[in-house]
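model_25.txt (compact mmCIF, C-alpha atoms and all ligand atoms) appears below.
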# COMPACT_ATOMS: atom_id res chain seq x y z
CA MET A 1080 61.67 100.07 -37.06
CA THR A 1081 62.66 96.51 -36.26
CA PRO A 1082 66.09 96.26 -34.62
CA LEU A 1083 68.91 96.42 -37.15
CA SER A 1084 70.67 93.15 -37.76
CA PRO A 1085 74.44 92.94 -37.60
CA GLY A 1086 75.87 93.81 -41.00
CA SER A 1087 73.45 96.71 -41.42
CA ARG A 1088 74.93 100.03 -42.39
CA ILE A 1089 75.00 103.02 -40.07
CA GLY A 1090 75.53 106.44 -41.63
CA ILE A 1091 77.18 109.14 -39.55
CA LEU A 1092 76.98 112.81 -40.52
CA GLY A 1093 80.23 114.34 -39.33
CA GLY A 1094 83.83 113.17 -39.41
CA GLY A 1095 85.42 114.23 -36.12
CA GLN A 1096 86.59 112.29 -33.08
CA LEU A 1097 83.06 111.56 -31.88
CA GLY A 1098 82.28 109.95 -35.24
CA ARG A 1099 85.51 108.01 -35.01
CA MET A 1100 84.66 106.60 -31.58
CA LEU A 1101 81.05 105.89 -32.64
CA ALA A 1102 82.38 104.04 -35.68
CA GLY A 1103 84.62 101.90 -33.46
CA SER A 1104 81.70 100.88 -31.26
CA ALA A 1105 79.47 100.24 -34.29
CA ALA A 1106 82.14 98.00 -35.76
CA GLN A 1107 82.37 96.10 -32.50
CA LEU A 1108 78.64 95.40 -32.72
CA GLY A 1109 79.02 94.10 -36.27
CA PHE A 1110 77.75 97.12 -38.18
CA ASP A 1111 79.24 98.74 -41.24
CA VAL A 1112 79.76 102.48 -40.97
CA SER A 1113 79.72 105.15 -43.62
CA ILE A 1114 80.79 108.72 -42.88
CA LEU A 1115 79.57 111.80 -44.69
CA CYS A 1116 81.53 114.98 -44.13
CA PRO A 1117 82.99 117.80 -46.22
CA GLU A 1118 86.65 117.06 -45.41
CA ALA A 1119 88.53 114.51 -47.48
CA ASP A 1120 90.81 113.37 -44.68
CA CYS A 1121 88.84 113.28 -41.44
CA PRO A 1122 89.44 111.27 -38.24
CA ALA A 1123 86.21 109.25 -38.51
CA ALA A 1124 86.57 108.24 -42.15
CA ARG A 1125 89.91 106.60 -41.45
CA VAL A 1126 88.24 103.97 -39.26
CA ALA A 1127 85.03 103.52 -41.27
CA MET A 1128 84.31 101.24 -44.24
CA ASP A 1129 83.07 104.02 -46.46
CA HIS A 1130 83.29 107.79 -46.77
CA ARG A 1131 81.33 110.25 -48.90
CA VAL A 1132 82.85 113.71 -49.21
CA ALA A 1133 80.05 116.24 -49.58
CA ALA A 1134 78.80 119.48 -48.12
CA TYR A 1135 76.02 119.02 -45.54
CA THR A 1136 74.00 121.47 -47.63
CA ASP A 1137 74.28 119.36 -50.80
CA LEU A 1138 70.87 117.77 -50.33
CA ASP A 1139 71.07 115.51 -53.39
CA ALA A 1140 74.45 114.10 -52.39
CA VAL A 1141 73.43 113.62 -48.77
CA LEU A 1142 70.19 111.87 -49.74
CA ASP A 1143 71.97 109.66 -52.25
CA TRP A 1144 74.44 108.63 -49.54
CA ALA A 1145 71.69 108.13 -46.93
CA ARG A 1146 69.73 105.78 -49.22
CA GLY A 1147 72.61 103.35 -48.83
CA CYS A 1148 72.34 103.42 -45.01
CA ASP A 1149 69.86 101.61 -42.74
CA VAL A 1150 69.87 104.44 -40.20
CA VAL A 1151 71.51 107.85 -40.17
CA THR A 1152 72.83 109.64 -37.09
CA TYR A 1153 74.99 112.70 -36.52
CA GLU A 1154 78.06 113.35 -34.41
CA PHE A 1155 77.89 117.11 -34.41
CA GLU A 1156 75.04 119.47 -33.71
CA ASN A 1157 75.56 121.89 -36.56
CA VAL A 1158 74.30 119.60 -39.28
CA PRO A 1159 71.73 121.86 -40.98
CA VAL A 1160 68.18 121.18 -39.80
CA THR A 1161 67.03 121.39 -43.43
CA THR A 1162 69.35 118.50 -44.31
CA ALA A 1163 68.01 116.26 -41.54
CA ALA A 1164 64.44 117.25 -42.47
CA HIS A 1165 65.10 116.50 -46.15
CA LEU A 1166 66.25 112.98 -45.28
CA ILE A 1167 63.26 112.40 -43.02
CA ASP A 1168 60.92 113.64 -45.80
CA HIS A 1169 62.42 110.95 -48.00
CA GLU A 1170 61.78 108.25 -45.44
CA ILE A 1171 65.33 107.93 -44.21
CA ILE A 1172 65.42 107.01 -40.52
CA VAL A 1173 67.36 109.80 -38.79
CA ARG A 1174 68.09 109.35 -35.12
CA PRO A 1175 68.00 111.44 -32.91
CA GLY A 1176 65.83 113.37 -35.44
CA ALA A 1177 65.63 117.01 -36.51
CA ALA A 1178 64.01 118.64 -33.45
CA ALA A 1179 67.05 118.15 -31.24
CA LEU A 1180 69.23 119.86 -33.86
CA GLU A 1181 66.83 122.73 -34.28
CA VAL A 1182 66.62 123.47 -30.58
CA SER A 1183 70.29 123.00 -29.69
CA GLN A 1184 71.70 125.05 -32.58
CA ASP A 1185 70.37 128.33 -31.22
CA ARG A 1186 71.13 129.27 -27.62
CA VAL A 1187 67.94 131.36 -27.34
CA ALA A 1188 65.72 128.54 -28.68
CA GLU A 1189 67.60 126.09 -26.45
CA LYS A 1190 67.11 128.01 -23.20
CA THR A 1191 63.50 128.79 -24.11
CA PHE A 1192 62.84 125.09 -24.75
CA LEU A 1193 64.56 124.04 -21.52
CA ASN A 1194 62.44 126.54 -19.57
CA GLN A 1195 59.29 125.22 -21.31
CA CYS A 1196 60.27 121.74 -20.13
CA GLY A 1197 60.35 123.11 -16.56
CA ILE A 1198 64.17 123.14 -16.46
CA ASP A 1199 65.72 126.29 -14.99
CA THR A 1200 68.55 128.12 -16.75
CA ALA A 1201 70.50 131.30 -16.15
CA ARG A 1202 68.47 134.40 -16.94
CA PHE A 1203 69.04 135.53 -20.52
CA ALA A 1204 68.15 138.15 -23.10
CA GLU A 1205 68.22 138.08 -26.87
CA ILE A 1206 70.69 140.67 -28.21
CA ASN A 1207 70.78 142.13 -31.71
CA THR A 1208 72.29 145.56 -31.07
CA ALA A 1209 74.72 146.95 -28.48
CA GLU A 1210 71.97 149.23 -27.15
CA GLU A 1211 70.05 146.17 -25.96
CA ILE A 1212 72.78 145.12 -23.53
CA ALA A 1213 72.66 147.80 -20.79
CA ALA A 1214 69.20 147.04 -19.38
CA PRO A 1215 69.56 143.25 -18.97
CA ILE A 1216 73.13 143.46 -17.64
CA GLU A 1217 71.84 145.74 -14.85
CA ARG A 1218 69.00 143.31 -14.19
CA PHE A 1219 71.53 140.46 -14.00
CA GLY A 1220 73.51 142.27 -11.29
CA GLY A 1221 76.22 143.74 -13.53
CA ALA A 1222 77.99 140.53 -14.65
CA ALA A 1223 77.11 138.58 -17.76
CA ILE A 1224 78.38 136.59 -20.71
CA LEU A 1225 77.61 137.60 -24.26
CA LYS A 1226 77.55 134.60 -26.62
CA THR A 1227 76.72 134.15 -30.27
CA ARG A 1228 73.40 132.34 -30.58
CA ARG A 1229 74.88 129.88 -33.07
CA ASP A 1230 78.10 128.03 -33.82
CA GLY A 1231 79.92 128.52 -30.52
CA TYR A 1232 81.94 125.66 -29.04
CA ASP A 1233 84.80 125.22 -26.58
CA GLY A 1234 84.20 128.74 -25.28
CA LYS A 1235 84.52 130.29 -28.73
CA GLY A 1236 82.11 133.10 -29.60
CA GLN A 1237 81.83 134.33 -26.00
CA VAL A 1238 82.81 137.53 -24.19
CA ARG A 1239 82.51 138.20 -20.47
CA LEU A 1240 81.01 141.57 -19.68
CA ALA A 1241 80.65 143.84 -16.66
CA ALA A 1242 78.22 146.74 -16.42
CA GLY A 1243 79.76 149.83 -18.02
CA ASP A 1244 82.04 147.94 -20.46
CA ASP A 1245 82.13 148.94 -24.12
CA TYR A 1246 79.15 146.88 -25.31
CA ALA A 1247 79.56 147.84 -28.97
CA GLU A 1248 83.14 146.57 -28.88
CA ALA A 1249 82.02 143.30 -27.27
CA LEU A 1250 79.40 142.70 -29.92
CA ARG A 1251 81.93 143.58 -32.63
CA ALA A 1252 84.26 140.92 -31.21
CA LEU A 1253 81.46 138.44 -31.97
CA GLY A 1254 81.17 139.74 -35.53
CA ASN A 1255 77.93 141.53 -34.62
CA ALA A 1256 76.24 138.14 -34.85
CA PRO A 1257 72.79 137.62 -33.32
CA SER A 1258 73.65 136.97 -29.68
CA ILE A 1259 72.41 136.08 -26.24
CA LEU A 1260 73.31 137.76 -22.97
CA GLU A 1261 73.37 135.38 -20.01
CA ALA A 1262 73.57 136.28 -16.36
CA MET A 1263 76.94 135.19 -14.95
CA VAL A 1264 76.22 132.18 -12.75
CA PRO A 1265 78.24 131.97 -9.50
CA PHE A 1266 78.33 128.19 -9.65
CA SER A 1267 80.11 125.97 -7.17
CA CYS A 1268 80.72 123.32 -9.82
CA GLU A 1269 79.63 122.07 -13.23
CA VAL A 1270 78.23 118.62 -13.94
CA SER A 1271 76.60 116.93 -16.90
CA VAL A 1272 74.02 114.23 -17.38
CA ILE A 1273 74.79 111.72 -20.08
CA ILE A 1274 71.45 110.14 -20.84
CA ALA A 1275 70.55 107.47 -23.37
CA ARG A 1276 67.01 107.00 -24.65
CA SER A 1277 65.97 103.99 -26.68
CA ALA A 1278 63.60 103.82 -29.64
CA GLU A 1279 61.05 102.39 -27.20
CA GLY A 1280 61.32 105.50 -25.02
CA GLU A 1281 63.20 103.89 -22.14
CA SER A 1282 65.99 106.01 -20.73
CA ILE A 1283 69.00 105.55 -18.51
CA CYS A 1284 71.51 108.03 -17.02
CA TYR A 1285 75.18 107.50 -16.26
CA ASP A 1286 76.59 108.66 -12.96
CA LEU A 1287 77.17 112.39 -13.29
CA PRO A 1288 80.70 113.61 -14.02
CA ARG A 1289 81.91 116.83 -12.45
CA ASN A 1290 83.50 118.93 -15.18
CA ASP A 1291 86.32 121.46 -14.92
CA HIS A 1292 86.69 123.99 -17.73
CA THR A 1293 89.53 126.39 -18.48
CA ASN A 1294 88.81 129.23 -20.89
CA GLY A 1295 85.56 127.52 -21.81
CA ILE A 1296 87.29 124.25 -22.77
CA LEU A 1297 86.68 121.03 -20.84
CA ARG A 1298 89.91 119.93 -19.14
CA ARG A 1299 88.83 117.20 -16.77
CA SER A 1300 85.76 115.16 -15.88
CA VAL A 1301 85.64 113.12 -12.71
CA VAL A 1302 83.18 110.55 -11.36
CA PRO A 1303 81.65 110.36 -8.89
CA SER A 1304 80.69 114.03 -8.77
CA GLN A 1305 80.43 113.98 -4.95
CA LEU A 1306 77.12 115.78 -5.12
CA ASP A 1307 74.25 114.63 -2.94
CA ALA A 1308 72.33 111.77 -4.52
CA GLU A 1309 69.24 113.96 -4.37
CA VAL A 1310 70.90 116.66 -6.53
CA GLU A 1311 72.02 114.07 -9.07
CA ALA A 1312 68.52 112.63 -9.17
CA ARG A 1313 67.06 116.07 -9.92
CA ALA A 1314 69.55 116.56 -12.76
CA CYS A 1315 68.66 113.16 -14.22
CA GLU A 1316 64.98 113.92 -13.95
CA ALA A 1317 65.51 117.14 -15.93
CA ALA A 1318 67.49 115.29 -18.62
CA ARG A 1319 64.72 112.71 -18.83
CA LYS A 1320 62.10 115.41 -19.33
CA LEU A 1321 64.20 116.97 -22.08
CA ALA A 1322 64.83 113.66 -23.88
CA ASP A 1323 61.13 112.76 -23.66
CA ALA A 1324 60.04 116.19 -24.93
CA LEU A 1325 62.31 115.76 -27.96
CA ASP A 1326 61.20 112.13 -28.45
CA TYR A 1327 64.92 111.60 -28.53
CA VAL A 1328 66.66 108.39 -29.61
CA GLY A 1329 70.35 108.08 -28.78
CA VAL A 1330 72.74 109.65 -26.28
CA LEU A 1331 72.29 113.26 -25.19
CA ALA A 1332 74.31 115.39 -22.76
CA LEU A 1333 72.81 118.11 -20.60
CA GLU A 1334 75.28 120.45 -18.86
CA PHE A 1335 74.44 122.03 -15.51
CA PHE A 1336 75.76 124.68 -13.18
CA VAL A 1337 75.39 123.61 -9.54
CA LEU A 1338 74.87 126.42 -7.05
CA GLU A 1339 76.10 126.42 -3.47
CA ASN A 1340 72.61 125.53 -2.19
CA GLY A 1341 72.27 122.58 -4.56
CA ASP A 1342 70.03 124.36 -7.06
CA LEU A 1343 70.68 123.42 -10.67
CA LEU A 1344 70.71 125.67 -13.71
CA ALA A 1345 70.93 123.97 -17.09
CA ASN A 1346 73.55 125.52 -19.36
CA GLU A 1347 73.22 123.77 -22.71
CA PHE A 1348 72.69 120.36 -24.21
CA ALA A 1349 74.37 118.44 -26.98
CA PRO A 1350 72.26 116.07 -29.12
CA ARG A 1351 75.09 113.55 -29.28
CA VAL A 1352 77.73 111.71 -27.34
CA HIS A 1353 79.74 114.15 -25.27
CA ASN A 1354 83.28 114.89 -24.21
CA SER A 1355 82.28 114.68 -20.54
CA GLY A 1356 81.18 111.06 -21.16
CA HIS A 1357 84.52 109.88 -22.54
CA TRP A 1358 85.30 107.95 -19.33
CA THR A 1359 82.26 105.68 -19.78
CA PRO A 1360 83.81 103.09 -22.14
CA GLU A 1361 86.59 102.40 -19.64
CA ALA A 1362 84.61 102.73 -16.40
CA CYS A 1363 81.15 101.39 -17.21
CA ALA A 1364 79.51 98.20 -18.41
CA THR A 1365 78.39 100.01 -21.57
CA GLY A 1366 80.18 103.08 -22.92
CA GLN A 1367 78.35 106.08 -24.35
CA PHE A 1368 79.39 105.27 -27.93
CA GLU A 1369 78.08 101.72 -27.80
CA GLN A 1370 74.97 103.01 -26.06
CA HIS A 1371 74.27 105.51 -28.84
CA ILE A 1372 74.72 102.84 -31.52
CA ARG A 1373 72.44 100.45 -29.58
CA ALA A 1374 69.73 103.11 -29.31
CA ILE A 1375 69.75 104.18 -32.96
CA ALA A 1376 69.87 100.53 -34.08
CA GLY A 1377 66.69 99.88 -32.11
CA TRP A 1378 68.57 97.57 -29.72
CA PRO A 1379 67.97 97.50 -25.98
CA LEU A 1380 70.18 99.85 -23.99
CA GLY A 1381 73.07 98.35 -22.06
CA PRO A 1382 73.61 98.64 -18.29
CA VAL A 1383 75.45 101.78 -17.14
CA THR A 1384 76.92 100.21 -14.00
CA ARG A 1385 80.14 102.04 -13.08
CA TYR A 1386 82.94 99.74 -11.95
CA HIS A 1387 85.28 102.27 -10.40
CA LYS A 1388 85.99 105.96 -9.84
CA ALA A 1389 87.50 107.63 -12.87
CA GLU A 1390 88.88 110.83 -14.28
CA MET A 1391 89.11 111.86 -17.90
CA LEU A 1392 91.76 114.36 -18.92
CA ASN A 1393 91.52 116.11 -22.27
CA LEU A 1394 94.76 116.36 -24.22
CA LEU A 1395 94.88 119.66 -26.05
CA GLY A 1396 97.25 120.65 -28.84
CA ASP A 1397 100.85 119.55 -28.21
CA GLU A 1398 99.91 117.75 -24.99
CA ILE A 1399 99.47 114.56 -26.97
CA PHE A 1400 103.19 114.41 -27.60
CA ALA A 1401 103.83 114.22 -23.88
CA HIS A 1402 101.27 111.44 -23.57
CA SER A 1403 101.75 109.28 -26.63
CA GLY A 1404 104.44 107.40 -24.72
CA VAL A 1405 102.32 106.69 -21.64
CA SER A 1406 102.24 103.12 -20.49
CA ALA A 1407 98.95 101.32 -20.14
CA THR A 1408 99.25 101.46 -16.36
CA ASP A 1409 98.96 105.27 -16.46
CA GLY A 1410 95.50 105.04 -17.91
CA VAL A 1411 93.75 104.35 -21.16
CA LEU A 1412 94.81 106.65 -23.95
CA THR A 1413 92.63 107.59 -26.90
CA LEU A 1414 94.08 109.72 -29.69
CA TYR A 1415 91.83 111.15 -32.36
CA GLY A 1416 94.06 110.91 -35.42
CA LYS A 1417 93.93 114.63 -36.11
CA ARG A 1418 96.76 115.77 -38.36
CA HIS A 1419 97.43 119.20 -36.85
CA PRO A 1420 97.78 119.80 -33.10
CA LYS A 1421 96.70 123.46 -32.98
CA PRO A 1422 96.80 125.12 -29.53
CA GLY A 1423 93.63 124.37 -27.58
CA ARG A 1424 92.47 121.76 -30.10
CA LYS A 1425 91.13 118.52 -28.64
CA MET A 1426 93.60 115.87 -29.81
CA GLY A 1427 92.90 112.99 -27.45
CA HIS A 1428 92.07 112.03 -23.89
CA LEU A 1429 93.31 109.89 -21.07
CA VAL A 1430 91.07 107.95 -18.70
CA ARG A 1431 92.49 107.07 -15.30
CA ARG A 1432 91.08 104.78 -12.68
CA LEU A 1433 90.94 106.56 -9.33
CA ASP A 1434 90.41 103.72 -6.86
N1 LIG B 1 76.21 132.00 -17.76
C1 LIG B 1 77.39 131.50 -17.36
N2 LIG B 1 77.83 131.74 -16.09
C2 LIG B 1 79.05 131.26 -15.67
N3 LIG B 1 79.88 130.55 -16.45
C3 LIG B 1 79.50 130.28 -17.73
C4 LIG B 1 78.23 130.75 -18.24
N4 LIG B 1 78.13 130.34 -19.52
C5 LIG B 1 79.25 129.65 -19.80
N5 LIG B 1 80.09 129.61 -18.73
C6 LIG B 1 81.40 128.92 -18.67
O1 LIG B 1 81.90 128.73 -20.00
C7 LIG B 1 81.89 127.34 -20.36
C8 LIG B 1 81.53 127.18 -21.83
O2 LIG B 1 80.27 127.77 -22.08
P1 LIG B 1 79.10 127.00 -22.87
O3 LIG B 1 77.89 127.84 -22.82
O4 LIG B 1 78.98 125.61 -22.35
O5 LIG B 1 79.63 127.05 -24.36
P2 LIG B 1 80.33 125.98 -25.31
O6 LIG B 1 79.30 125.76 -26.36
O7 LIG B 1 81.54 126.68 -25.81
O8 LIG B 1 80.61 124.75 -24.49
C9 LIG B 1 80.89 126.71 -19.40
O9 LIG B 1 81.12 125.32 -19.26
C10 LIG B 1 81.18 127.51 -18.14
O10 LIG B 1 82.37 127.09 -17.51
MG MG B 2 79.38 123.73 -23.09
Show the structure stored in the file as structure tokens.
Ligand SMILES: Nc1ncnc2c1ncn2[C@@H]1O[C@H](COP(=O)(O)OP(=O)(O)O)[C@@H](O)[C@H]1O
Ligand SMILES: [Mg+2]
Amino acid sequence: MTPLSPGSRIGILGGGQLGRMLAGSAAQLGFDVSILCPEADCPAARVAMDHRVAAYTDLDAVLDWARGCDVVTYEFENVPVTTAAHLIDHEIIVRPGAAALEVSQDRVAEKTFLNQCGIDTARFAEINTAEEIAAPIERFGGAAILKTRRDGYDGKGQVRLAAGDDYAEALRALGNAPSILEAMVPFSCEVSVIIARSAEGESICYDLPRNDHTNGILRRSVVPSQLDAEVEARACEAARKLADALDYVGVLALEFFVLENGDLLANEFAPRVHNSGHWTPEACATGQFEQHIRAIAGWPLGPVTRYHKAEMLNLLGDEIFAHSGVSATDGVLTLYGKRHPKPGRKMGHLVRRLD
């Protein structure tokens, strides 16, 4: 594909805050943006030039919409693989493609793929019945997390387990969905690699943020991570292998647990821009949203030079009300335009300069 010229139309599957921020960056680069999502009043559509309301599974509607776009991307990883494949079969350019969706939608497929790429993960076992839990939990030293294979986010669809717990009850709490049991990792910290890969196969990694989670939800990301450069380099190398193996185009995030001795275990990846990269527009020469748009448009990637230390604080639920009056000197505020601040819901974020 020749690079898209300004004025071309970028289609985004998904209407949440990531789509909204992608649309802003696309507009800045002179592109028109069209959103397809099932909700009539979504955060992304309110900043885009066009919005088609349709179910992701309505293949005719999605294809009809995509024919009006020069390239199609997605802002959330649960777009059905069949939908992406249908578009590709009809010669729509979909970036980052269907493989990244297929692998990242299922935690068992994801960890298997990471391991095949030579990237270590926590030990895991596929779980379909409560009887299958006892043996692996013993093998894992008696502490584990049971997660649904699909559809989990922000710590939802997860239960922590200790040997001897009521396994049937735990699986019931997950709706008896096909699940994965993961060894509990005694990590010293969590970091993520935000990597961008261009249509030409060039890739570039941002400095790694260190990420703090509470109840499975990201609260704060801070750069620099203060890890040894050698550890960061190993994490970037792993992300590069993953992006290459997927022939990925766009921005991808790979989350890691860092052990006391510097060993890295990959946790999961997101085939999209990522919450832990929200500090990049303020702190770097090219933010992750612009970078993703550049990549999918067939443009060269921008430099990821970081200008200063930074922290990104997520604003959950009502917390936005405390922050909507912040002055610009407190940091750069981004609010997502969501109508209902439910507890724990990501409503916005604040990026602060630390030096
Ligand atoms: N195997 C594990 N060992 C220790 N902590 C874990 C493990 N899996 C998840 N966690 C904790 O829960 C958080 C959310 O889990 P994750 O697998 O990333 O799911 P989600 O899709 O909800 O982000 C992680 O960032 C980490 O803090
Ligand atoms: Mg995660």
Using all atoms listed in the file, the shortest atom-to-atom distance to Glu1156 in chain A among A:Phe1110, A:Phe1335, A:Phe1348, A:Tyr1285 belongs to A:Phe1348
A:His1169, A:Arg1229, A:Arg1125, A:Arg1131: which is nearest ligand LIG 1 (chain B), counting all atoms listed in the file? A:Arg1229
Out of A:Arg1276, A:Arg1313, A:Arg1351, A:Arg1299, which residue has the shortest atom-to-atom distance to Arg1431 in chain A when counting all atoms listed in the file? A:Arg1299
Each residue of chain A lying at most 12 Å from ligand MG 2 (chain B) should get a row with its shortest atom-to-atom pair and the distance in Å to one decimal, counting all atoms listed in the file; could you produce that, ordered by chain and increasing number, as JSON lines?
{"residue": "A:Ser1183", "atom": "CA", "partner": "B:MG2", "partner_atom": "MG", "distance": 11.3}
{"residue": "A:Arg1186", "atom": "CA", "partner": "B:MG2", "partner_atom": "MG", "distance": 10.9}
{"residue": "A:Lys1226", "atom": "CA", "partner": "B:MG2", "partner_atom": "MG", "distance": 11.6}
{"residue": "A:Asp1230", "atom": "CA", "partner": "B:MG2", "partner_atom": "MG", "distance": 11.6}
{"residue": "A:Gly1231", "atom": "CA", "partner": "B:MG2", "partner_atom": "MG", "distance": 8.9}
{"residue": "A:Tyr1232", "atom": "CA", "partner": "B:MG2", "partner_atom": "MG", "distance": 6.8}
{"residue": "A:Asp1233", "atom": "CA", "partner": "B:MG2", "partner_atom": "MG", "distance": 6.6}
{"residue": "A:Gly1234", "atom": "CA", "partner": "B:MG2", "partner_atom": "MG", "distance": 7.3}
{"residue": "A:Lys1235", "atom": "CA", "partner": "B:MG2", "partner_atom": "MG", "distance": 10.1}
{"residue": "A:Gly1236", "atom": "CA", "partner": "B:MG2", "partner_atom": "MG", "distance": 11.7}
{"residue": "A:Gln1237", "atom": "CA", "partner": "B:MG2", "partner_atom": "MG", "distance": 11.3}
{"residue": "A:Glu1269", "atom": "CA", "partner": "B:MG2", "partner_atom": "MG", "distance": 10.0}
{"residue": "A:Val1270", "atom": "CA", "partner": "B:MG2", "partner_atom": "MG", "distance": 10.5}
{"residue": "A:Ser1271", "atom": "CA", "partner": "B:MG2", "partner_atom": "MG", "distance": 9.6}
{"residue": "A:Asn1290", "atom": "CA", "partner": "B:MG2", "partner_atom": "MG", "distance": 10.1}
{"residue": "A:Asp1291", "atom": "CA", "partner": "B:MG2", "partner_atom": "MG", "distance": 11.0}
{"residue": "A:His1292", "atom": "CA", "partner": "B:MG2", "partner_atom": "MG", "distance": 9.1}
{"residue": "A:Thr1293", "atom": "CA", "partner": "B:MG2", "partner_atom": "MG", "distance": 11.5}
{"residue": "A:Asn1294", "atom": "CA", "partner": "B:MG2", "partner_atom": "MG", "distance": 11.1}
{"residue": "A:Gly1295", "atom": "CA", "partner": "B:MG2", "partner_atom": "MG", "distance": 7.4}
{"residue": "A:Ile1296", "atom": "CA", "partner": "B:MG2", "partner_atom": "MG", "distance": 7.9}
{"residue": "A:Leu1297", "atom": "CA", "partner": "B:MG2", "partner_atom": "MG", "distance": 8.1}
{"residue": "A:Arg1298", "atom": "CA", "partner": "B:MG2", "partner_atom": "MG", "distance": 11.9}
{"residue": "A:Ala1332", "atom": "CA", "partner": "B:MG2", "partner_atom": "MG", "distance": 9.8}
{"residue": "A:Leu1333", "atom": "CA", "partner": "B:MG2", "partner_atom": "MG", "distance": 9.0}
{"residue": "A:Glu1334", "atom": "CA", "partner": "B:MG2", "partner_atom": "MG", "distance": 6.7}
{"residue": "A:Phe1335", "atom": "CA", "partner": "B:MG2", "partner_atom": "MG", "distance": 9.2}
{"residue": "A:Phe1336", "atom": "CA", "partner": "B:MG2", "partner_atom": "MG", "distance": 10.6}
{"residue": "A:Ala1345", "atom": "CA", "partner": "B:MG2", "partner_atom": "MG", "distance": 10.4}
{"residue": "A:Asn1346", "atom": "CA", "partner": "B:MG2", "partner_atom": "MG", "distance": 7.1}
{"residue": "A:Glu1347", "atom": "CA", "partner": "B:MG2", "partner_atom": "MG", "distance": 6.2}
{"residue": "A:Phe1348", "atom": "CA", "partner": "B:MG2", "partner_atom": "MG", "distance": 7.6}
{"residue": "A:Ala1349", "atom": "CA", "partner": "B:MG2", "partner_atom": "MG", "distance": 8.3}
{"residue": "A:His1353", "atom": "CA", "partner": "B:MG2", "partner_atom": "MG", "distance": 9.8}
{"residue": "A:Asn1354", "atom": "CA", "partner": "B:MG2", "partner_atom": "MG", "distance": 9.7}
{"residue": "A:Ser1355", "atom": "CA", "partner": "B:MG2", "partner_atom": "MG", "distance": 9.8}
Could you tell me which of A:Leu1414, A:Val1187, A:Leu1092, A:Ile1206 comes closest to ligand LIG 1 (chain B) if we count only C-alpha atoms and all ligand atoms? A:Val1187
Would you list the contacts of Pro1382 in chain A as a ChimeraX atom specification, taking every protein, DNA or RNA residue within 12 Å and counting all atoms listed in the file, but skipping same-chain residues closer than 6 positions in sequence? /A:1274-1275,1282-1286,1359-1360,1362-1367,1369-1370,1373
Taking into account only C-alpha atoms and all ligand atoms, which residue in the set A:Gly1221, A:Gly1243, A:Pro1265, A:Gly1093 is nearest to ligand LIG 1 (chain B)?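 Going through A:Gly1221, A:Gly1243, A:Pro1265, A:Gly1093 one by one, the smallest distance to ligand LIG 1 (chain B) is for A:Pro1265.
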If we draw a sphere of 10 Å around (88.1, 111.9, -42.6), which residues have at least one atom in it when counting only C-alpha atoms? Please report them as an MDAnalysis selection string. chainID A and resid 1093:1096 1098:1099 1114:1127 1130:1132 1416:1417
Once you have the residues from the selection above, write them out as a compact mmCIF listing (two decimals), keeping the file's coordinate frame, restricted to C-alpha atoms.
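Done, and the output landed in selection.txt:
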# COMPACT_ATOMS: atom_id res chain seq x y z
CA GLY A 1093 80.23 114.34 -39.33
CA GLY A 1094 83.83 113.17 -39.41
CA GLY A 1095 85.42 114.23 -36.12
CA GLN A 1096 86.59 112.29 -33.08
CA GLY A 1098 82.28 109.95 -35.24
CA ARG A 1099 85.51 108.01 -35.01
CA ILE A 1114 80.79 108.72 -42.88
CA LEU A 1115 79.57 111.80 -44.69
CA CYS A 1116 81.53 114.98 -44.13
CA PRO A 1117 82.99 117.80 -46.22
CA GLU A 1118 86.65 117.06 -45.41
CA ALA A 1119 88.53 114.51 -47.48
CA ASP A 1120 90.81 113.37 -44.68
CA CYS A 1121 88.84 113.28 -41.44
CA PRO A 1122 89.44 111.27 -38.24
CA ALA A 1123 86.21 109.25 -38.51
CA ALA A 1124 86.57 108.24 -42.15
CA ARG A 1125 89.91 106.60 -41.45
CA VAL A 1126 88.24 103.97 -39.26
CA ALA A 1127 85.03 103.52 -41.27
CA HIS A 1130 83.29 107.79 -46.77
CA ARG A 1131 81.33 110.25 -48.90
CA VAL A 1132 82.85 113.71 -49.21
CA GLY A 1416 94.06 110.91 -35.42
CA LYS A 1417 93.93 114.63 -36.11
Of the listed residues A:Thr1081, A:Asn1255, A:Asn1340, A:Gln1184, that which approaches ligand LIG 1 (chain B) most closely, counting only C-alpha atoms and all ligand atoms: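 Result for the nearest residue to ligand LIG 1 (chain B): A:Gln1184.
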To one decimal in Å, tell me the separation between CA of Gln1195 in chain A and CA of Pro1350 in chain A. 17.7 Å
Would you work out the distance separating CA of Cys1148 in chain A from CA of Ile1089 in chain A, expressed in Å to one decimal?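 Going from CA of Cys1148 in chain A over to CA of Ile1089 in chain A covers 5.6 Å.
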Return as CSV the residues of range 1121-1195 of chain A lying at most 9 Å from range 1314-1322 of chain A, together with the closest atom-to-atom pair for each and the distance in Å to one decimal, counting only C-alpha atoms, with rows in chain order and ascending residue number.
residue,atom,partner,partner_atom,distance
A:Ala1179,CA,A:Ala1322,CA,8.9
A:Phe1192,CA,A:Leu1321,CA,8.7
A:Leu1193,CA,A:Leu1321,CA,7.1
Report, in Å with one decimal, the straight-line distance from CA of Leu1097 in chain A to CA of Gln1305 in chain A.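 If I compute the distance from CA of Leu1097 in chain A to CA of Gln1305 in chain A, I get 27.2 Å.
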All residues 10 Å or closer to Arg1432 in chain A, all atoms listed in the file, same chain fewer than 3 positions away omitted, as a list of chain:residue names: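 So the residues in contact are A:Val1301, A:Val1302, A:Trp1358, A:Glu1361, A:Ala1362, A:Tyr1386, A:His1387, A:Lys1388, A:Ala1389, A:Glu1390, A:Met1391, A:Thr1408, A:Asp1409, A:Gly1410, A:Val1411.
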